[in-house]
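> Have a peek at input10.pdb (PDB, C-alpha atoms (C1' of nucleotides)).
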ATOM      1  CA  MET A  26      14.511   7.050   7.065
ATOM      2  CA  LYS A  27      12.881  10.436   7.522
ATOM      3  CA  ASN A  28      11.505  12.169   4.467
ATOM      4  CA  LEU A  29      12.941  15.646   4.927
ATOM      5  CA  ARG A  30      12.151  16.676   1.366
ATOM      6  CA  LEU A  31       8.476  16.198   2.139
ATOM      7  CA  LYS A  32       8.711  18.055   5.429
ATOM      8  CA  SER A  33      10.514  20.895   3.698
ATOM      9  CA  ALA A  34       8.058  21.114   0.790
ATOM     10  CA  ARG A  35       5.186  21.236   3.255
ATOM     11  CA  ALA A  36       6.888  24.004   5.214
ATOM     12  CA  ALA A  37       7.411  25.930   1.982
ATOM     13  CA  LYS A  38       3.636  25.933   1.522
ATOM     14  CA  ASP A  39       3.087  26.883   5.174
ATOM     15  CA  MET A  40       0.870  23.864   5.711
ATOM     16  CA  SER A  41       0.503  21.862   8.912
ATOM     17  CA  GLN A  42       0.500  18.077   8.786
ATOM     18  CA  GLU A  43      -3.230  18.285   9.267
ATOM     19  CA  ASP A  44      -3.653  20.742   6.386
ATOM     20  CA  LEU A  45      -1.761  18.407   4.083
ATOM     21  CA  ALA A  46      -3.652  15.388   5.356
ATOM     22  CA  LYS A  47      -6.989  17.026   4.548
ATOM     23  CA  ALA A  48      -5.764  18.071   1.115
ATOM     24  CA  CYS A  49      -4.863  14.432   0.425
ATOM     25  CA  GLY A  50      -7.861  12.790   2.037
ATOM     26  CA  VAL A  51      -5.931  10.961   4.744
ATOM     27  CA  THR A  52      -5.366  11.440   8.444
ATOM     28  CA  ARG A  53      -2.739  13.503  10.172
ATOM     29  CA  GLN A  54      -1.180  10.380  11.624
ATOM     30  CA  THR A  55      -0.595   9.003   8.152
ATOM     31  CA  ILE A  56       1.258  12.133   7.037
ATOM     32  CA  ASN A  57       3.223  12.119  10.273
ATOM     33  CA  ALA A  58       4.248   8.495   9.748
ATOM     34  CA  ILE A  59       5.348   9.150   6.172
ATOM     35  CA  GLU A  60       7.491  12.115   7.203
ATOM     36  CA  LYS A  61       8.899  10.081  10.045
ATOM     37  CA  GLY A  62       9.670   7.403   7.486
ATOM     38  CA  ASP A  63       8.345   4.378   9.235
ATOM     39  CA  TYR A  64       6.208   3.208   6.413
ATOM     40  CA  ASN A  65       5.545   2.698   2.870
ATOM     41  CA  PRO A  66       2.639   4.705   1.425
ATOM     42  CA  THR A  67       0.757   3.745  -1.721
ATOM     43  CA  ILE A  68       1.619   5.456  -4.996
ATOM     44  CA  ASN A  69      -1.803   7.098  -5.190
ATOM     45  CA  LEU A  70      -1.235   8.771  -1.855
ATOM     46  CA  CYS A  71       2.255   9.864  -2.921
ATOM     47  CA  ILE A  72       0.760  11.410  -6.048
ATOM     48  CA  ALA A  73      -1.896  13.215  -3.994
ATOM     49  CA  ILE A  74       0.813  14.573  -1.694
ATOM     50  CA  CYS A  75       2.908  15.729  -4.648
ATOM     51  CA  LYS A  76      -0.020  17.521  -6.245
ATOM     52  CA  ALA A  77      -0.924  19.257  -2.982
ATOM     53  CA  LEU A  78       2.648  20.498  -2.677
ATOM     54  CA  ASP A  79       3.313  21.272  -6.366
ATOM     55  CA  LYS A  80       6.084  18.702  -6.576
ATOM     56  CA  THR A  81       6.661  15.539  -8.591
ATOM     57  CA  LEU A  82       7.289  11.977  -7.437
ATOM     58  CA  ASP A  83      10.963  12.205  -8.261
ATOM     59  CA  GLU A  84      11.304  15.407  -6.242
ATOM     60  CA  LEU A  85       9.735  13.987  -3.083
ATOM     61  CA  PHE A  86      10.067  10.201  -3.214
ATOM     62  CA  TRP A  87      12.801   9.072  -5.568
ATOM     63  CA  GLU A  88      15.810   7.395  -3.948
ATOM     64  CA  TYR A  89      19.038   8.422  -5.566
TER      65      TYR A  89
ATOM     66  CA  MET B  11      -6.206   2.607 -16.189
ATOM     67  CA  LYS B  12      -3.549   0.445 -17.785
ATOM     68  CA  ASN B  13       0.061   1.362 -17.223
ATOM     69  CA  LEU B  14       1.402   1.172 -20.755
ATOM     70  CA  ARG B  15       4.604   2.991 -19.906
ATOM     71  CA  LEU B  16       5.486   0.168 -17.554
ATOM     72  CA  LYS B  17       4.579  -2.490 -20.084
ATOM     73  CA  SER B  18       6.676  -0.720 -22.701
ATOM     74  CA  ALA B  19       9.709  -0.269 -20.435
ATOM     75  CA  ARG B  20       9.578  -3.943 -19.538
ATOM     76  CA  ALA B  21       9.407  -4.901 -23.221
ATOM     77  CA  ALA B  22      12.406  -2.667 -23.900
ATOM     78  CA  LYS B  23      14.396  -4.784 -21.441
ATOM     79  CA  ASP B  24      13.022  -8.002 -22.939
ATOM     80  CA  MET B  25      11.721  -9.143 -19.576
ATOM     81  CA  SER B  26       8.631 -11.221 -18.902
ATOM     82  CA  GLN B  27       6.246 -10.272 -16.108
ATOM     83  CA  GLU B  28       7.773 -13.086 -14.134
ATOM     84  CA  ASP B  29      11.325 -11.827 -14.740
ATOM     85  CA  LEU B  30      10.362  -8.394 -13.479
ATOM     86  CA  ALA B  31       8.469  -9.848 -10.536
ATOM     87  CA  LYS B  32      11.530 -11.793  -9.413
ATOM     88  CA  ALA B  33      13.749  -8.755  -9.828
ATOM     89  CA  CYS B  34      11.384  -6.830  -7.542
ATOM     90  CA  GLY B  35      10.695  -9.555  -5.013
ATOM     91  CA  VAL B  36       6.977  -9.851  -5.728
ATOM     92  CA  THR B  37       4.771 -12.286  -7.602
ATOM     93  CA  ARG B  38       3.901 -12.311 -11.270
ATOM     94  CA  GLN B  39       0.265 -11.592 -10.451
ATOM     95  CA  THR B  40       1.235  -8.393  -8.685
ATOM     96  CA  ILE B  41       3.117  -7.115 -11.729
ATOM     97  CA  ASN B  42       0.242  -8.168 -13.954
ATOM     98  CA  ALA B  43      -2.257  -6.292 -11.786
ATOM     99  CA  ILE B  44      -0.136  -3.143 -11.799
ATOM    100  CA  GLU B  45       0.190  -3.184 -15.591
ATOM    101  CA  LYS B  46      -3.505  -3.850 -15.887
ATOM    102  CA  GLY B  47      -4.008  -0.872 -13.595
ATOM    103  CA  ASP B  48      -6.481  -2.307 -11.175
ATOM    104  CA  TYR B  49      -4.566  -1.404  -8.130
ATOM    105  CA  ASN B  50      -2.422   0.867  -6.210
ATOM    106  CA  PRO B  51       1.077  -0.431  -5.411
ATOM    107  CA  THR B  52       3.246   0.840  -2.572
ATOM    108  CA  ILE B  53       5.960   3.376  -3.297
ATOM    109  CA  ASN B  54       8.697   0.921  -2.330
ATOM    110  CA  LEU B  55       7.484  -1.518  -4.955
ATOM    111  CA  CYS B  56       7.273   1.263  -7.548
ATOM    112  CA  ILE B  57      10.865   2.209  -6.757
ATOM    113  CA  ALA B  58      11.981  -1.425  -7.090
ATOM    114  CA  ILE B  59      10.236  -1.654 -10.468
ATOM    115  CA  CYS B  60      11.843   1.571 -11.656
ATOM    116  CA  LYS B  61      15.309   0.427 -10.643
ATOM    117  CA  ALA B  62      14.846  -2.923 -12.380
ATOM    118  CA  LEU B  63      13.855  -1.115 -15.572
ATOM    119  CA  ASP B  64      16.313   1.814 -15.354
ATOM    120  CA  LYS B  65      13.535   4.350 -15.131
ATOM    121  CA  THR B  66      12.437   6.916 -12.548
ATOM    122  CA  LEU B  67       9.136   7.312 -10.725
ATOM    123  CA  ASP B  68       8.111  10.238 -12.905
ATOM    124  CA  GLU B  69       8.814   8.240 -16.057
ATOM    125  CA  LEU B  70       6.668   5.274 -15.059
ATOM    126  CA  PHE B  71       4.136   6.469 -12.480
ATOM    127  CA  TRP B  72       3.617  10.204 -12.587
ATOM    128  CA  GLU B  73       0.179  11.370 -13.733
ATOM    129  CA  TYR B  74       0.368  14.383 -15.955
TER     130      TYR B  74
ATOM    131  C1'  DA C  17      -0.105 -29.809 -35.275
ATOM    132  C1'  DC C  18       2.384 -29.934 -31.079
ATOM    133  C1'  DA C  19       4.940 -28.217 -27.193
ATOM    134  C1'  DT C  20       6.248 -24.549 -24.236
ATOM    135  C1'  DA C  21       6.436 -19.875 -22.523
ATOM    136  C1'  DA C  22       3.841 -15.872 -21.431
ATOM    137  C1'  DT C  23      -0.246 -13.662 -20.043
ATOM    138  C1'  DG C  24      -5.057 -12.997 -17.975
ATOM    139  C1'  DT C  25      -7.829 -13.913 -14.268
ATOM    140  C1'  DA C  26     -10.089 -15.529  -9.842
ATOM    141  C1'  DA C  27     -10.956 -17.096  -4.942
ATOM    142  C1'  DA C  28      -9.137 -17.481  -0.349
ATOM    143  C1'  DA C  29      -5.556 -16.358   2.894
ATOM    144  C1'  DT C  30      -2.050 -13.205   4.934
ATOM    145  C1'  DA C  31       0.516  -8.893   5.573
ATOM    146  C1'  DT C  32       0.345  -4.299   6.058
ATOM    147  C1'  DA C  33      -1.478   0.571   4.891
ATOM    148  C1'  DC C  34      -4.513   3.552   6.976
ATOM    149  C1'  DT C  35      -8.195   5.015  10.458
ATOM    150  C1'  DT C  36     -10.088   6.145  14.893
ATOM    151  C1'  DG C  37      -9.677   7.907  19.374
ATOM    152  C1'  DA C  38      -6.835   9.454  22.693
ATOM    153  C1'  DC C  39      -3.122  11.614  25.396
ATOM    154  C1'  DA C  40       1.376  14.056  26.104
ATOM    155  C1'  DA C  41       4.990  17.144  24.674
ATOM    156  C1'  DA C  42       6.788  20.808  22.038
ATOM    157  C1'  DA C  43       6.252  25.092  19.506
ATOM    158  C1'  DA C  44       4.091  29.598  18.633
ATOM    159  C1'  DG C  45       1.316  33.694  19.807
ATOM    160  C1'  DA C  46      -0.802  37.009  22.934
TER     161       DA C  46
ATOM    162  C1'  DT D  21       2.774  32.904  31.893
ATOM    163  C1'  DC D  22      -1.326  31.364  29.689
ATOM    164  C1'  DT D  23      -3.638  29.609  25.691
ATOM    165  C1'  DT D  24      -3.772  27.401  21.326
ATOM    166  C1'  DT D  25      -1.755  25.016  17.545
ATOM    167  C1'  DT D  26       1.230  21.583  16.014
ATOM    168  C1'  DT D  27       3.623  17.498  16.433
ATOM    169  C1'  DG D  28       4.825  12.741  18.329
ATOM    170  C1'  DT D  29       3.160   8.467  19.541
ATOM    171  C1'  DC D  30       0.310   4.306  20.767
ATOM    172  C1'  DA D  31      -3.234   0.549  20.715
ATOM    173  C1'  DA D  32      -7.035  -1.491  18.389
ATOM    174  C1'  DG D  33      -9.766  -1.713  14.405
ATOM    175  C1'  DT D  34     -10.792  -1.663   9.197
ATOM    176  C1'  DA D  35      -9.509  -1.555   4.339
ATOM    177  C1'  DT D  36      -6.698  -3.133   0.934
ATOM    178  C1'  DA D  37      -2.037  -4.639  -1.091
ATOM    179  C1'  DT D  38       0.127  -8.900  -1.931
ATOM    180  C1'  DT D  39       0.544 -14.070  -1.828
ATOM    181  C1'  DT D  40      -0.738 -18.684  -2.874
ATOM    182  C1'  DT D  41      -2.808 -22.012  -5.728
ATOM    183  C1'  DA D  42      -4.919 -22.937  -9.736
ATOM    184  C1'  DC D  43      -6.741 -22.982 -14.436
ATOM    185  C1'  DA D  44      -7.620 -20.988 -19.131
ATOM    186  C1'  DT D  45      -6.038 -18.367 -23.008
ATOM    187  C1'  DT D  46      -2.784 -16.392 -26.138
ATOM    188  C1'  DA D  47       1.602 -16.059 -28.245
ATOM    189  C1'  DT D  48       6.100 -18.221 -29.929
ATOM    190  C1'  DG D  49       9.018 -21.798 -31.756
ATOM    191  C1'  DT D  50       9.865 -26.251 -33.951
TER     192       DT D  50
END
Will you turn the file into structure tokens for me?


Amino acid sequence: MKNLRLKSARAAKDMSQEDLAKACGVTRQTINAIEKGDYNPTINLCIAICKALDKTLDELFWEY
Amino acid sequence: MKNLRLKSARAAKDMSQEDLAKACGVTRQTINAIEKGDYNPTINLCIAICKALDKTLDELFWEY
DNA sequence: ACATAATGTAAAATATACTTGACAAAAAGA
DNA sequence: TCTTTTTGTCAAGTATATTTTACATTATGT
């Protein structure tokens, strides 16, 4: 399923997918795919995303 | 680096690496490697581990 | 001491995360 | 409109997560 928390946190920082991708050292397509929800990133990438957006793993990736 | 929080949470549940592996649908070697810290699991596996151990992502995998 | 369970580790194979390059569509600004 | 940025998506390639099989070592119990 889509990760709307991620999309929203990125919007709150006024970053494009490409901005976030560069900040995390991955490509735009990877960020796009994660937001779209069609795959399963590694924990290190999740942590990099969280740090770029000033969020924690639980805030962006935990399934309640 | 080693993931001692994971090792400790597993001990608190009195589960072997193999017990936890089965609960998560992966192999014992994968759990061993994650505890040893020499690789980078996917977020879905991290979530499965957390649920098996009644912990959250921040408790087991967040880097402070 | 002996048996058994649990852990550490390694090489080869497979599955899948992630990249690269590219193009189209939608959104935003002038 | 017109231009530019942003997003969506796809196919083919590369890097790496995970499996399988296997063996050695360390702990635990009797």

> Using all atoms listed in the file, can you list as an MDAnalysis selection string the residues within 7 Å of (5.3, 0.5, -14.9)?

chainID B and resid 13 15:17 45 59 70:71

> With 10 Å as the limit and counting only C-alpha atoms (C1' of nucleotides), what residues in chain B lie close to chain C? Please list them as a list in words.

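Residues satisfying the distance criterion: Ser26, Gln27, Glu28, Arg38, Gln39, Asn42, Ala43, Lys46 and Thr52 of chain B.
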
> Restrict the calculation to all atoms listed in the file, then for each residue of chain A with any atom at most 12 Å from an atom of chain B give the closest atom pair and their distance in Å to one decimal, rows by chain and rising residue number, as CSV.


residue,atom,partner,partner_atom,distance
A:Ile59,CA,B:Ile53,CA,11.1
A:Gly62,CA,B:Asn54,CA,11.8
A:Tyr64,CA,B:Asn54,CA,9.4
A:Asn65,CA,B:Thr52,CA,6.2
A:Pro66,CA,B:Thr52,CA,5.6
A:Thr67,CA,B:Thr52,CA,3.9
A:Ile68,CA,B:Ile53,CA,5.1
A:Asn69,CA,B:Asn50,CA,6.3
A:Leu70,CA,B:Asn50,CA,9.1
A:Cys71,CA,B:Ile53,CA,7.5
A:Ile72,CA,B:Trp72,CA,7.2
A:Ala73,CA,B:Glu73,CA,10.1
A:Cys75,CA,B:Trp72,CA,9.7
A:Lys76,CA,B:Glu73,CA,9.7
A:Lys80,CA,B:Trp72,CA,10.7
A:Thr81,CA,B:Asp68,CA,7.0
A:Leu82,CA,B:Asp68,CA,5.8
A:Asp83,CA,B:Leu67,CA,5.8
A:Glu84,CA,B:Asp68,CA,9.0
A:Leu85,CA,B:Leu67,CA,10.2
A:Phe86,CA,B:Ile53,CA,8.0
A:Trp87,CA,B:Leu67,CA,6.6
A:Glu88,CA,B:Ile57,CA,7.7
A:Tyr89,CA,B:Thr66,CA,9.7

> Mind writing the picked residues with C-alpha atoms as a PDB file, in the coordinates of the input?


ATOM      1  CA  ILE A  59       5.348   9.150   6.172  1.00  0.00           C
ATOM      2  CA  GLY A  62       9.670   7.403   7.486  1.00  0.00           C
ATOM      3  CA  TYR A  64       6.208   3.208   6.413  1.00  0.00           C
ATOM      4  CA  ASN A  65       5.545   2.698   2.870  1.00  0.00           C
ATOM      5  CA  PRO A  66       2.639   4.705   1.425  1.00  0.00           C
ATOM      6  CA  THR A  67       0.757   3.745  -1.721  1.00  0.00           C
ATOM      7  CA  ILE A  68       1.619   5.456  -4.996  1.00  0.00           C
ATOM      8  CA  ASN A  69      -1.803   7.098  -5.190  1.00  0.00           C
ATOM      9  CA  LEU A  70      -1.235   8.771  -1.855  1.00  0.00           C
ATOM     10  CA  CYS A  71       2.255   9.864  -2.921  1.00  0.00           C
ATOM     11  CA  ILE A  72       0.760  11.410  -6.048  1.00  0.00           C
ATOM     12  CA  ALA A  73      -1.896  13.215  -3.994  1.00  0.00           C
ATOM     13  CA  CYS A  75       2.908  15.729  -4.648  1.00  0.00           C
ATOM     14  CA  LYS A  76      -0.020  17.521  -6.245  1.00  0.00           C
ATOM     15  CA  LYS A  80       6.084  18.702  -6.576  1.00  0.00           C
ATOM     16  CA  THR A  81       6.661  15.539  -8.591  1.00  0.00           C
ATOM     17  CA  LEU A  82       7.289  11.977  -7.437  1.00  0.00           C
ATOM     18  CA  ASP A  83      10.963  12.205  -8.261  1.00  0.00           C
ATOM     19  CA  GLU A  84      11.304  15.407  -6.242  1.00  0.00           C
ATOM     20  CA  LEU A  85       9.735  13.987  -3.083  1.00  0.00           C
ATOM     21  CA  PHE A  86      10.067  10.201  -3.214  1.00  0.00           C
ATOM     22  CA  TRP A  87      12.801   9.072  -5.568  1.00  0.00           C
ATOM     23  CA  GLU A  88      15.810   7.395  -3.948  1.00  0.00           C
ATOM     24  CA  TYR A  89      19.038   8.422  -5.566  1.00  0.00           C
TER      25      TYR A  89
END

> Could you write out as a ChimeraX atom specification the residues of chain D within 9 Å of chain B, counting all atoms listed in the file?

/D:37-39

> Over all Cα atoms paired in order, how far apart are chain A and chain B after a least-squares superposition, as an RMSD in Å?

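The RMSD between chain A and chain B over C-alpha atoms is 0.0 Å.
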
> One decimal, in Å: what's the spacing between atom C1' of DT34 of chain D and atom CA of Leu45 of chain A?

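A separation of 22.6 Å between them.
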
> Give me, please, the distance in Å between atom CA of Asp29 of chain B and atom C1' of DT46 of chain D, quoted to one decimal.

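Between atom CA of Asp29 of chain B and atom C1' of DT46 of chain D the gap works out to 18.7 Å.
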
> Can you rebuild segment 51-66 of chain B with N, CA and C atoms and give it as a PDB file, in the frame of the given file?


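See part25.pdb below for the written result:
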ATOM      1  N   PRO B  51      -0.070   0.162  -6.101  1.00  0.00           N
ATOM      2  CA  PRO B  51       1.077  -0.431  -5.411  1.00  0.00           C
ATOM      3  C   PRO B  51       1.681   0.511  -4.379  1.00  0.00           C
ATOM      4  N   THR B  52       2.529  -0.018  -3.523  1.00  0.00           N
ATOM      5  CA  THR B  52       3.246   0.840  -2.572  1.00  0.00           C
ATOM      6  C   THR B  52       4.416   1.516  -3.276  1.00  0.00           C
ATOM      7  N   ILE B  53       4.856   2.633  -2.697  1.00  0.00           N
ATOM      8  CA  ILE B  53       5.960   3.376  -3.297  1.00  0.00           C
ATOM      9  C   ILE B  53       7.235   2.542  -3.323  1.00  0.00           C
ATOM     10  N   ASN B  54       7.472   1.731  -2.315  1.00  0.00           N
ATOM     11  CA  ASN B  54       8.697   0.921  -2.330  1.00  0.00           C
ATOM     12  C   ASN B  54       8.700  -0.065  -3.493  1.00  0.00           C
ATOM     13  N   LEU B  55       7.555  -0.625  -3.799  1.00  0.00           N
ATOM     14  CA  LEU B  55       7.484  -1.518  -4.955  1.00  0.00           C
ATOM     15  C   LEU B  55       7.673  -0.740  -6.253  1.00  0.00           C
ATOM     16  N   CYS B  56       7.063   0.428  -6.351  1.00  0.00           N
ATOM     17  CA  CYS B  56       7.273   1.263  -7.548  1.00  0.00           C
ATOM     18  C   CYS B  56       8.746   1.574  -7.748  1.00  0.00           C
ATOM     19  N   ILE B  57       9.443   1.898  -6.655  1.00  0.00           N
ATOM     20  CA  ILE B  57      10.865   2.209  -6.757  1.00  0.00           C
ATOM     21  C   ILE B  57      11.645   0.979  -7.209  1.00  0.00           C
ATOM     22  N   ALA B  58      11.299  -0.187  -6.671  1.00  0.00           N
ATOM     23  CA  ALA B  58      11.981  -1.425  -7.090  1.00  0.00           C
ATOM     24  C   ALA B  58      11.760  -1.689  -8.575  1.00  0.00           C
ATOM     25  N   ILE B  59      10.533  -1.476  -9.042  1.00  0.00           N
ATOM     26  CA  ILE B  59      10.236  -1.654 -10.468  1.00  0.00           C
ATOM     27  C   ILE B  59      11.064  -0.693 -11.311  1.00  0.00           C
ATOM     28  N   CYS B  60      11.076   0.570 -10.913  1.00  0.00           N
ATOM     29  CA  CYS B  60      11.843   1.571 -11.656  1.00  0.00           C
ATOM     30  C   CYS B  60      13.313   1.189 -11.741  1.00  0.00           C
ATOM     31  N   LYS B  61      13.875   0.767 -10.629  1.00  0.00           N
ATOM     32  CA  LYS B  61      15.309   0.427 -10.643  1.00  0.00           C
ATOM     33  C   LYS B  61      15.572  -0.772 -11.546  1.00  0.00           C
ATOM     34  N   ALA B  62      14.662  -1.748 -11.522  1.00  0.00           N
ATOM     35  CA  ALA B  62      14.846  -2.923 -12.380  1.00  0.00           C
ATOM     36  C   ALA B  62      14.777  -2.550 -13.853  1.00  0.00           C
ATOM     37  N   LEU B  63      14.053  -1.490 -14.165  1.00  0.00           N
ATOM     38  CA  LEU B  63      13.855  -1.115 -15.572  1.00  0.00           C
ATOM     39  C   LEU B  63      14.653   0.127 -15.967  1.00  0.00           C
ATOM     40  N   ASP B  64      15.522   0.603 -15.084  1.00  0.00           N
ATOM     41  CA  ASP B  64      16.313   1.814 -15.354  1.00  0.00           C
ATOM     42  C   ASP B  64      15.441   2.995 -15.735  1.00  0.00           C
ATOM     43  N   LYS B  65      14.409   3.190 -14.943  1.00  0.00           N
ATOM     44  CA  LYS B  65      13.535   4.350 -15.131  1.00  0.00           C
ATOM     45  C   LYS B  65      13.362   5.051 -13.792  1.00  0.00           C
ATOM     46  N   THR B  66      12.737   6.227 -13.800  1.00  0.00           N
ATOM     47  CA  THR B  66      12.437   6.916 -12.548  1.00  0.00           C
ATOM     48  C   THR B  66      10.941   6.864 -12.273  1.00  0.00           C
TER      49      THR B  66
END
